[in-house]
>>> print(open('upload34.txt').read())   # compact mmCIF, C-alpha atoms
# COMPACT_ATOMS: atom_id res chain seq x y z
CA MET A 24 99.26 106.44 92.15
CA ARG A 25 101.38 104.75 94.77
CA THR A 26 104.66 106.36 95.74
CA LEU A 27 107.69 104.13 96.31
CA LEU A 28 110.74 105.52 98.08
CA THR A 29 114.06 103.76 98.68
CA LEU A 30 116.69 104.29 101.36
CA THR A 31 120.04 102.51 101.63
CA LEU A 32 121.61 101.95 105.05
CA ALA A 33 125.29 100.99 105.13
CA LEU A 34 126.17 98.01 107.29
CA GLY A 35 129.52 96.44 107.98
CA VAL A 36 131.23 93.83 110.13
CA SER A 37 134.64 94.07 111.78
CA SER A 38 137.27 91.32 111.80
CA CYS A 39 138.73 89.59 114.84
CA THR A 40 142.42 88.86 115.35
CA SER A 41 144.22 85.97 117.03
CA SER A 42 147.63 86.03 118.71
CA ASN A 43 148.72 83.13 116.50
CA HIS A 44 147.29 84.34 113.22
CA ALA A 45 147.47 87.46 111.13
CA SER A 46 144.35 89.61 110.96
CA ASP A 47 141.87 88.54 108.33
CA THR A 48 140.09 91.15 106.30
CA VAL A 49 136.32 90.72 106.21
CA ALA A 50 134.53 92.38 103.33
CA PRO A 51 131.54 94.53 104.30
CA GLU A 52 128.16 92.88 103.95
CA PRO A 53 125.91 94.20 101.18
CA ALA A 54 123.97 97.29 102.14
CA ALA A 55 120.54 96.68 103.65
CA GLU A 56 117.90 98.47 101.64
CA ALA A 57 114.83 99.96 103.26
CA THR A 58 111.87 100.60 100.97
CA TYR A 59 108.93 102.89 101.69
CA GLU A 60 105.47 103.16 100.17
CA VAL A 61 102.91 105.88 100.83
CA VAL A 62 99.30 105.59 99.63
CA LEU A 63 97.20 108.70 100.16
CA THR A 64 93.46 108.34 100.68
CA SER A 65 92.87 110.52 97.63
CA GLU A 66 94.82 108.02 95.49
CA VAL A 67 92.74 104.96 96.46
CA GLU A 68 90.51 103.50 93.73
CA PHE A 69 87.13 102.33 95.08
CA ASP A 70 84.72 99.77 93.64
CA GLN A 71 81.62 97.99 94.90
CA LEU A 72 82.23 95.49 97.70
CA ASN A 73 78.98 93.65 96.99
CA PRO A 74 77.73 94.49 93.46
CA ALA A 75 74.53 92.49 94.06
CA ARG A 76 73.30 95.35 96.27
CA GLY A 77 73.56 97.90 93.49
CA ASP A 78 73.81 101.51 94.62
CA ARG A 79 73.41 100.43 98.28
CA SER A 80 76.66 98.47 98.12
CA PRO A 81 79.56 99.66 100.29
CA MET A 82 82.58 100.87 98.33
CA ALA A 83 86.00 99.32 98.97
CA GLY A 84 89.50 100.43 97.97
CA ASP A 85 92.67 98.42 98.57
CA LEU A 86 95.55 100.00 100.49
CA ARG A 87 97.77 96.92 100.34
CA GLY A 88 97.33 93.58 98.64
CA ASP A 89 94.22 92.56 96.71
CA ARG A 90 91.14 91.59 98.71
CA LYS A 91 89.84 89.60 95.72
CA SER A 92 92.96 87.42 95.64
CA THR A 93 94.97 85.37 98.14
CA GLY A 94 97.26 86.75 100.80
CA ALA A 95 97.01 89.46 103.44
CA THR A 96 95.04 92.57 102.50
CA GLY A 97 94.10 95.92 103.99
CA TYR A 98 91.43 98.14 102.45
CA LEU A 99 89.22 101.14 103.09
CA LEU A 100 85.44 100.77 103.29
CA LYS A 101 82.88 103.53 102.67
CA THR A 102 79.13 103.12 103.08
CA VAL A 103 76.09 105.01 101.92
CA GLU A 104 74.24 107.19 104.43
CA ASP A 105 72.59 105.24 107.28
CA PHE A 106 73.71 101.91 105.86
CA ARG A 107 72.52 98.60 107.29
CA SER A 108 73.52 95.28 105.77
CA PRO A 109 71.37 92.17 105.71
CA PRO A 110 72.52 89.33 107.98
CA HIS A 111 75.50 87.64 106.31
CA VAL A 112 78.74 85.74 106.90
CA HIS A 113 82.28 85.87 105.53
CA ASN A 114 84.62 83.10 104.46
CA VAL A 115 87.53 84.67 106.39
CA ARG A 116 88.00 86.44 109.73
CA TYR A 117 88.69 90.15 109.62
CA ARG A 118 89.72 93.04 111.86
CA ALA A 119 88.37 96.57 111.51
CA VAL A 120 89.03 100.11 112.74
CA VAL A 121 86.60 103.05 112.61
CA ILE A 122 88.15 106.06 110.87
CA SER A 123 85.06 108.28 110.58
CA GLY A 124 81.34 108.05 111.25
CA LEU A 125 79.56 105.75 113.68
CA TRP A 126 79.69 101.98 113.10
CA HIS A 127 77.85 98.99 114.54
CA ASN A 128 78.89 95.36 113.97
CA ASP A 129 77.20 92.56 115.89
CA ASP A 130 74.69 89.73 115.97
CA PRO A 131 71.52 90.57 114.00
CA ASN A 132 69.47 90.59 117.23
CA ALA A 133 71.88 92.77 119.24
CA ALA A 134 71.02 96.34 120.20
CA ASP A 135 72.96 98.94 118.24
CA MET A 136 76.28 99.86 119.84
CA TRP A 137 77.65 102.78 117.86
CA MET A 138 81.45 102.89 117.72
CA PRO A 139 83.18 106.22 116.87
CA THR A 140 86.59 107.05 115.44
CA GLY A 141 89.36 104.96 116.98
CA SER A 142 87.16 101.97 117.85
CA PHE A 143 88.23 98.44 116.90
CA TRP A 144 86.44 95.17 116.24
CA THR A 145 87.05 91.63 115.02
CA GLN A 146 84.67 89.45 113.04
CA PRO A 147 85.16 85.65 112.98
CA LYS A 148 84.61 83.76 109.75
CA GLY A 149 81.30 81.96 109.45
CA GLU A 150 79.57 83.99 112.19
CA LEU A 151 76.24 85.58 111.30
CA HIS A 152 76.26 89.35 111.79
CA ILE A 153 75.19 92.70 110.42
CA THR A 154 77.19 95.89 109.83
CA ALA A 155 75.56 99.30 110.05
CA THR A 156 76.68 102.93 109.94
CA LYS A 157 75.08 106.20 111.01
CA GLY A 158 75.47 109.39 109.01
CA GLY A 159 76.91 109.99 105.57
CA ASP A 160 80.64 110.54 106.19
CA THR A 161 81.80 107.03 107.03
CA LEU A 162 85.17 105.40 106.53
CA GLY A 163 86.57 102.22 108.01
CA TYR A 164 89.71 100.15 107.64
CA ILE A 165 89.37 96.37 107.15
CA GLU A 166 92.19 93.83 107.11
CA ILE A 167 92.43 90.09 106.55
CA GLU A 168 95.39 87.73 106.74
CA GLU A 169 94.29 85.44 103.93
CA GLY A 170 92.04 86.23 100.96
CA PRO A 171 89.90 86.38 99.04
CA TYR A 172 87.32 88.29 101.10
CA LEU A 173 83.85 87.01 100.20
CA VAL A 174 80.27 87.62 101.40
CA TYR A 175 77.86 84.69 101.85
CA PRO A 176 74.13 84.59 102.76
CA SER A 177 72.97 83.77 106.29
CA ASP A 178 72.14 80.13 105.53
CA GLU A 179 75.86 79.42 105.04
CA LYS A 180 76.84 80.34 108.60
CA PHE A 181 79.11 78.05 110.62
CA ASP A 182 80.88 78.13 114.00
CA ASP A 183 84.66 78.49 113.91
CA ASP A 184 85.02 78.49 117.74
CA GLU A 185 86.03 82.17 117.75
CA ARG A 186 84.02 85.03 119.19
CA ALA A 187 83.73 88.58 117.95
CA VAL A 188 85.27 91.47 119.89
CA ASN A 189 84.05 95.09 119.90
CA VAL A 190 86.28 97.70 121.55
CA HIS A 191 84.74 101.14 121.88
CA GLU A 192 87.25 103.99 121.67
CA SER A 193 86.48 104.98 125.29
CA ASN A 194 87.61 101.53 126.51
CA LEU A 195 91.11 101.65 125.03
CA VAL A 196 94.00 101.48 127.50
CA TRP A 197 96.80 103.89 126.54
CA VAL A 198 100.26 103.32 128.02
CA ASP A 199 103.80 104.62 127.59
CA GLN A 200 105.77 102.49 125.17
CA PRO A 201 108.23 100.13 126.91
CA GLY A 202 111.79 101.42 127.15
CA MET A 203 110.87 105.10 126.91
CA PRO A 204 110.56 107.54 129.84
CA ALA A 205 107.06 108.04 131.15
CA SER A 206 105.57 111.29 129.94
CA ALA A 207 102.12 112.80 130.26
CA ASN A 208 102.56 114.47 126.86
CA GLY A 209 104.61 111.80 125.11
CA PRO A 210 103.56 109.20 122.52
CA LYS A 211 101.26 106.43 123.77
CA VAL A 212 100.34 102.94 122.56
CA ALA A 213 97.24 100.76 122.95
CA TYR A 214 97.78 97.04 122.29
CA LEU A 215 95.00 95.37 120.31
CA TRP A 216 96.16 91.89 119.27
CA GLY A 217 99.31 89.75 119.00
CA LYS A 218 102.50 89.87 121.06
CA PRO A 219 104.96 92.59 120.00
CA ARG A 220 107.50 91.66 122.69
CA ASP A 221 107.77 88.15 121.25
CA ALA A 222 108.36 89.53 117.74
CA GLU A 223 104.99 88.17 116.61
CA LEU A 224 102.66 89.78 114.12
CA ASN A 225 100.56 92.27 116.08
CA GLY A 226 98.25 95.25 115.84
CA THR A 227 98.70 98.41 117.94
CA PHE A 228 97.33 101.93 118.08
CA VAL A 229 100.03 104.61 118.29
CA LYS A 230 98.97 108.06 119.50
CA LEU A 231 101.19 111.08 118.82
CA PRO A 232 100.29 114.22 120.81
CA ASP A 233 99.56 117.40 118.89
CA GLY A 234 102.80 119.20 118.12
CA PHE A 235 104.82 115.94 118.16
CA THR A 236 107.86 115.60 115.90
CA GLY A 237 109.97 112.47 115.84
CA THR A 238 110.59 109.07 114.28
CA MET A 239 108.74 105.77 114.07
CA ARG A 240 111.45 103.14 113.56
CA ALA A 241 110.72 99.60 112.39
CA ASN A 242 113.04 96.77 111.35
CA THR A 243 110.69 94.29 109.73
CA SER A 244 109.25 93.29 106.37
CA THR A 245 105.66 93.66 107.58
CA PHE A 246 105.34 97.26 108.80
CA GLY A 247 102.19 99.08 107.76
CA ALA A 248 100.45 102.06 109.38
CA VAL A 249 97.03 103.58 108.62
CA VAL A 250 96.16 107.11 109.75
CA ILE A 251 93.03 106.89 111.90
CA GLN A 252 92.89 110.41 113.33
CA GLY A 253 94.63 113.71 112.66
CA ARG A 254 96.64 114.94 109.70
CA PRO A 255 100.29 114.04 110.28
CA THR A 256 103.15 114.62 107.89
CA HIS A 257 105.54 111.86 106.82
CA LYS A 258 109.03 111.79 105.37
CA ALA A 259 111.16 108.73 104.65
CA ASP A 260 114.57 108.98 106.28
CA GLY A 261 117.08 110.30 103.76
CA GLU A 262 114.45 111.49 101.30
CA PRO A 263 113.50 115.16 100.73
CA GLU A 264 109.76 114.86 100.03
CA VAL A 265 107.28 115.44 102.85
CA LYS A 266 103.81 113.92 102.48
CA ASN A 267 100.68 115.35 104.10
CA LEU A 268 98.59 112.40 105.29
CA GLU A 269 94.83 112.48 105.77
CA PRO A 270 92.80 109.86 107.67
CA GLY A 271 92.84 106.61 105.70
CA SER A 272 96.33 107.12 104.24
CA HIS A 273 98.69 104.14 104.47
CA VAL A 274 102.46 104.06 105.05
CA SER A 275 104.50 100.87 104.77
CA SER A 276 108.14 99.83 104.71
CA GLU A 277 110.49 96.89 104.57
CA GLY A 278 113.87 96.66 106.29
CA ASP A 279 115.46 98.98 108.86
CA ALA A 280 113.17 101.91 108.18
CA ALA A 281 112.86 105.29 109.89
CA HIS A 282 109.59 107.15 109.34
CA GLN A 283 109.92 110.82 110.27
CA VAL A 284 106.49 112.04 111.39
CA SER A 285 105.01 115.24 112.74
CA CYS A 286 101.57 115.90 114.17
CA GLU A 287 100.43 119.46 113.68
CA ALA A 288 99.04 121.28 116.67
CA GLY A 289 95.30 121.09 117.18
CA ASP A 290 94.59 117.36 117.43
CA ASP A 291 96.34 114.13 118.41
CA CYS A 292 97.34 111.82 115.58
CA ILE A 293 96.50 108.13 115.80
CA PHE A 294 97.94 105.38 113.62
CA TYR A 295 96.85 101.75 113.46
CA VAL A 296 100.10 99.78 113.07
CA ARG A 297 100.36 96.18 111.87
CA MET A 298 103.86 94.71 112.03
CA GLU A 299 106.09 91.97 113.37
CA GLY A 300 107.84 92.86 116.62
CA LYS A 301 108.02 96.16 118.44
CA LEU A 302 107.81 99.67 117.06
CA ASP A 303 110.03 102.39 118.53
CA VAL A 304 108.51 105.89 118.60
CA ILE A 305 111.25 108.41 119.36
CA PRO A 306 110.55 112.11 119.95
CA ALA A 307 113.01 114.41 118.19
CA GLN A 308 114.42 115.72 121.47
CA ALA A 309 115.15 112.14 122.59
CA LYS A 310 117.44 111.38 119.67
CA LYS A 311 121.13 111.05 120.41
>>> encode(input="upload34.txt", output="structure tokens")
Amino acid sequence: MRTLLTLTLALGVSSCTSSNHASDTVAPEPAAEATYEVVLTSEVEFDQLNPARGDRSPMAGDLRGDRKSTGATGYLLKTVEDFRSPPHVHNVRYRAVVISGLWHNDDPNAADMWMPTGSFWTQPKGELHITATKGGDTLGYIEIEEGPYLVYPSDEKFDDDERAVNVHESNLVWVDQPGMPASANGPKVAYLWGKPRDAELNGTFVKLPDGFTGTMRANTSTFGAVVIQGRPTHKADGEPEVKNLEPGSHVSSEGDAAHQVSCEAGDDCIFYVRMEGKLDVIPAQAKK
């Protein structure tokens, strides 16, 4: 079951006066409403991604949207133990993040390059490739910008003039978020795609150190965050209920939203964030 929370933020405008005219009264603008949705991994309903493979088919469960329909979609993907797909292509490009297990995604003739938790890759549409996993506890996050997401045989490959990218977790570049004081133990970001400074749609890893408490603030209609590592807690600003998030859980919002998050001691927490513009991550002690 998906949980929908609502927060109302009061906004107003003040009037200006002129030396030759009496002050005009300006009515306050309607309140801007921020909405929140939390989908826990345990609430996701999985079905076969490729039924033609029978019990060897990966299992997929939507976190947002519907991968079988049009529009942008994000979903979780689980595979059977030591899975290896046949060479195939897709009708759309996709991006992926490793949540658990070891994953390989490349040309059918490429040597295996196993990517652990926190790794990221892109797969162009039409490009022939295989996907493989090692071990039995595997979970990945897949997202597309336009559905439906379909699988085609190798003889339907085509070149879309885009090349795949594999980013192993060890090759990520973590930096302090712009506008916040540099801190060895503060939140960090790793930019993956898009241009957040230009208010474009973008994807970013956000790392919260163990013991962190603070706020992720977004003012956009496209904010969505997937837990990749750790077990953070989440509370919508102004709401009493605290949610315990496990890897694979998804948090989204629309409007001027404040996500209060904590990362329990013992492990860093990493979110994959897809949104328009820039996310502000504010430690509790930095609030005014």
>>> closest_residue(input="upload34.txt", among="A:Ala207, A:Trp144, A:Tyr175, A:Glu269", to="Ala75 (chain A)", atoms="only C-alpha atoms")
A:Tyr175
>>> residues_around(input="upload34.txt", residues="Cys286 (chain A)", least_positions_apart="3", cutoff="9 Å", atoms="only C-alpha atoms", output="ChimeraX atom specification")
/A:231-236,253-256,289-292
>>> closest_residue(input="upload34.txt", among="A:Gly237, A:Gly163, A:Gly141, A:Pro210", to="Ala83 (chain A)", atoms="only C-alpha atoms")
A:Gly163
>>> closest_residue(input="upload34.txt", among="A:Ala134, A:Ala307, A:Ile165, A:Val174", to="Arg76 (chain A)", atoms="all atoms listed in the file")
A:Val174
>>> residues_around(input="upload34.txt", residues="Val188 (chain A)", least_positions_apart="4", cutoff="10 Å", atoms="all atoms listed in the file", output="PyMOL selection string")
chain A and resi 118+128-129+143-147
>>> closest_residue(input="upload34.txt", among="A:Lys301, A:Lys101, A:His257, A:His191", to="Trp137 (chain A)", atoms="only C-alpha atoms")
A:His191
>>> closest_residue(input="upload34.txt", among="A:Pro139, A:Gly278, A:Gly209, A:Gly247", to="Arg87 (chain A)", atoms="all atoms listed in the file")
A:Gly247
>>> residues_near_point(input="upload34.txt", point="(110.4, 105.9, 110.0)", cutoff="9 Å", atoms="only C-alpha atoms", output="list in words")
Tyr59, Gly237, Thr238, Met239, Arg240, Ala241, His257, Lys258, Ala259, Asp260, Ser276, Asp279, Ala280, Ala281, His282, Gln283, Val284 and Val304 of chain A
>>> write_last_selection(input="upload34.txt", atoms="C-alpha atoms", output="CSV table (one decimal), keeping the file's coordinate frame")
chain,number,residue,atom,x,y,z
A,59,TYR,CA,108.9,102.9,101.7
A,237,GLY,CA,110.0,112.5,115.8
A,238,THR,CA,110.6,109.1,114.3
A,239,MET,CA,108.7,105.8,114.1
A,240,ARG,CA,111.4,103.1,113.6
A,241,ALA,CA,110.7,99.6,112.4
A,257,HIS,CA,105.5,111.9,106.8
A,258,LYS,CA,109.0,111.8,105.4
A,259,ALA,CA,111.2,108.7,104.6
A,260,ASP,CA,114.6,109.0,106.3
A,276,SER,CA,108.1,99.8,104.7
A,279,ASP,CA,115.5,99.0,108.9
A,280,ALA,CA,113.2,101.9,108.2
A,281,ALA,CA,112.9,105.3,109.9
A,282,HIS,CA,109.6,107.2,109.3
A,283,GLN,CA,109.9,110.8,110.3
A,284,VAL,CA,106.5,112.0,111.4
A,304,VAL,CA,108.5,105.9,118.6
>>> atom_distance(input="upload34.txt", atom1="CA of Ile153 (chain A)", atom2="CA of Trp126 (chain A)")
10.7 Å
>>> closest_residue(input="upload34.txt", among="A:Thr96, A:Pro219, A:Val121, A:Ser206", to="Gly170 (chain A)", atoms="only C-alpha atoms")
A:Thr96
>>> build_atoms(input="upload34.txt", residues="region 262-296 of chain A", atoms="N, CA and C atoms", output="compact mmCIF listing (two decimals), in the coordinates of the input")
# COMPACT_ATOMS: atom_id res chain seq x y z
N GLU A 262 115.15 110.99 102.48
CA GLU A 262 114.45 111.49 101.30
C GLU A 262 113.94 112.90 101.55
N PRO A 263 113.88 113.76 100.52
CA PRO A 263 113.50 115.16 100.73
C PRO A 263 112.00 115.41 100.81
N GLU A 264 111.18 114.55 100.20
CA GLU A 264 109.76 114.86 100.03
C GLU A 264 108.97 114.59 101.31
N VAL A 265 108.17 115.57 101.71
CA VAL A 265 107.28 115.44 102.85
C VAL A 265 105.86 115.23 102.34
N LYS A 266 105.18 114.23 102.88
CA LYS A 266 103.81 113.92 102.48
C LYS A 266 102.84 114.36 103.58
N ASN A 267 101.75 115.01 103.18
CA ASN A 267 100.68 115.35 104.10
C ASN A 267 99.66 114.22 104.08
N LEU A 268 99.46 113.57 105.22
CA LEU A 268 98.59 112.40 105.29
C LEU A 268 97.24 112.78 105.88
N GLU A 269 96.17 112.32 105.23
CA GLU A 269 94.83 112.48 105.77
C GLU A 269 94.38 111.14 106.32
N PRO A 270 93.30 111.12 107.16
CA PRO A 270 92.80 109.86 107.67
C PRO A 270 92.51 108.86 106.54
N GLY A 271 92.98 107.63 106.71
CA GLY A 271 92.84 106.61 105.70
C GLY A 271 94.10 106.39 104.89
N SER A 272 95.08 107.30 104.97
CA SER A 272 96.33 107.12 104.24
C SER A 272 97.13 105.97 104.86
N HIS A 273 97.94 105.32 104.04
CA HIS A 273 98.69 104.14 104.47
C HIS A 273 100.17 104.32 104.18
N VAL A 274 101.01 104.00 105.17
CA VAL A 274 102.46 104.06 105.05
C VAL A 274 103.01 102.68 105.36
N SER A 275 103.90 102.17 104.51
CA SER A 275 104.50 100.87 104.77
C SER A 275 105.98 100.92 104.46
N SER A 276 106.70 99.91 104.97
CA SER A 276 108.14 99.83 104.71
C SER A 276 108.61 98.41 104.91
N GLU A 277 109.79 98.15 104.36
CA GLU A 277 110.49 96.89 104.57
C GLU A 277 111.93 97.21 104.94
N GLY A 278 112.49 96.45 105.89
CA GLY A 278 113.87 96.66 106.29
C GLY A 278 113.98 97.61 107.47
N ASP A 279 115.20 98.08 107.74
CA ASP A 279 115.46 98.98 108.86
C ASP A 279 115.04 100.38 108.46
N ALA A 280 113.77 100.70 108.72
CA ALA A 280 113.17 101.91 108.18
C ALA A 280 112.90 102.93 109.28
N ALA A 281 113.14 104.19 108.98
CA ALA A 281 112.86 105.29 109.89
C ALA A 281 111.84 106.22 109.24
N HIS A 282 110.66 106.30 109.84
CA HIS A 282 109.59 107.15 109.34
C HIS A 282 109.57 108.43 110.17
N GLN A 283 109.94 109.55 109.57
CA GLN A 283 109.92 110.82 110.27
C GLN A 283 108.51 111.40 110.19
N VAL A 284 107.89 111.62 111.34
CA VAL A 284 106.49 112.04 111.39
C VAL A 284 106.34 113.27 112.28
N SER A 285 105.38 114.08 111.93
CA SER A 285 105.01 115.24 112.74
C SER A 285 103.49 115.30 112.81
N CYS A 286 103.01 115.75 113.96
CA CYS A 286 101.57 115.90 114.17
C CYS A 286 101.30 117.36 114.46
N GLU A 287 100.65 118.03 113.53
CA GLU A 287 100.43 119.46 113.68
C GLU A 287 99.54 119.76 114.88
N ALA A 288 99.78 120.89 115.49
CA ALA A 288 99.04 121.28 116.67
C ALA A 288 97.55 121.38 116.36
N GLY A 289 96.75 121.00 117.34
CA GLY A 289 95.30 121.09 117.18
C GLY A 289 94.58 119.78 117.45
N ASP A 290 95.23 118.65 117.22
CA ASP A 290 94.59 117.36 117.43
C ASP A 290 95.65 116.29 117.53
N ASP A 291 95.43 115.28 118.38
CA ASP A 291 96.34 114.13 118.41
C ASP A 291 96.25 113.36 117.10
N CYS A 292 97.32 112.69 116.76
CA CYS A 292 97.34 111.82 115.58
C CYS A 292 97.40 110.37 116.03
N ILE A 293 96.54 109.54 115.45
CA ILE A 293 96.50 108.13 115.80
C ILE A 293 96.73 107.29 114.55
N PHE A 294 97.67 106.35 114.66
CA PHE A 294 97.94 105.38 113.62
C PHE A 294 97.52 103.99 114.11
N TYR A 295 96.98 103.18 113.20
CA TYR A 295 96.85 101.75 113.46
C TYR A 295 98.04 101.08 112.79
N VAL A 296 98.87 100.38 113.57
CA VAL A 296 100.10 99.78 113.07
C VAL A 296 100.00 98.27 113.11
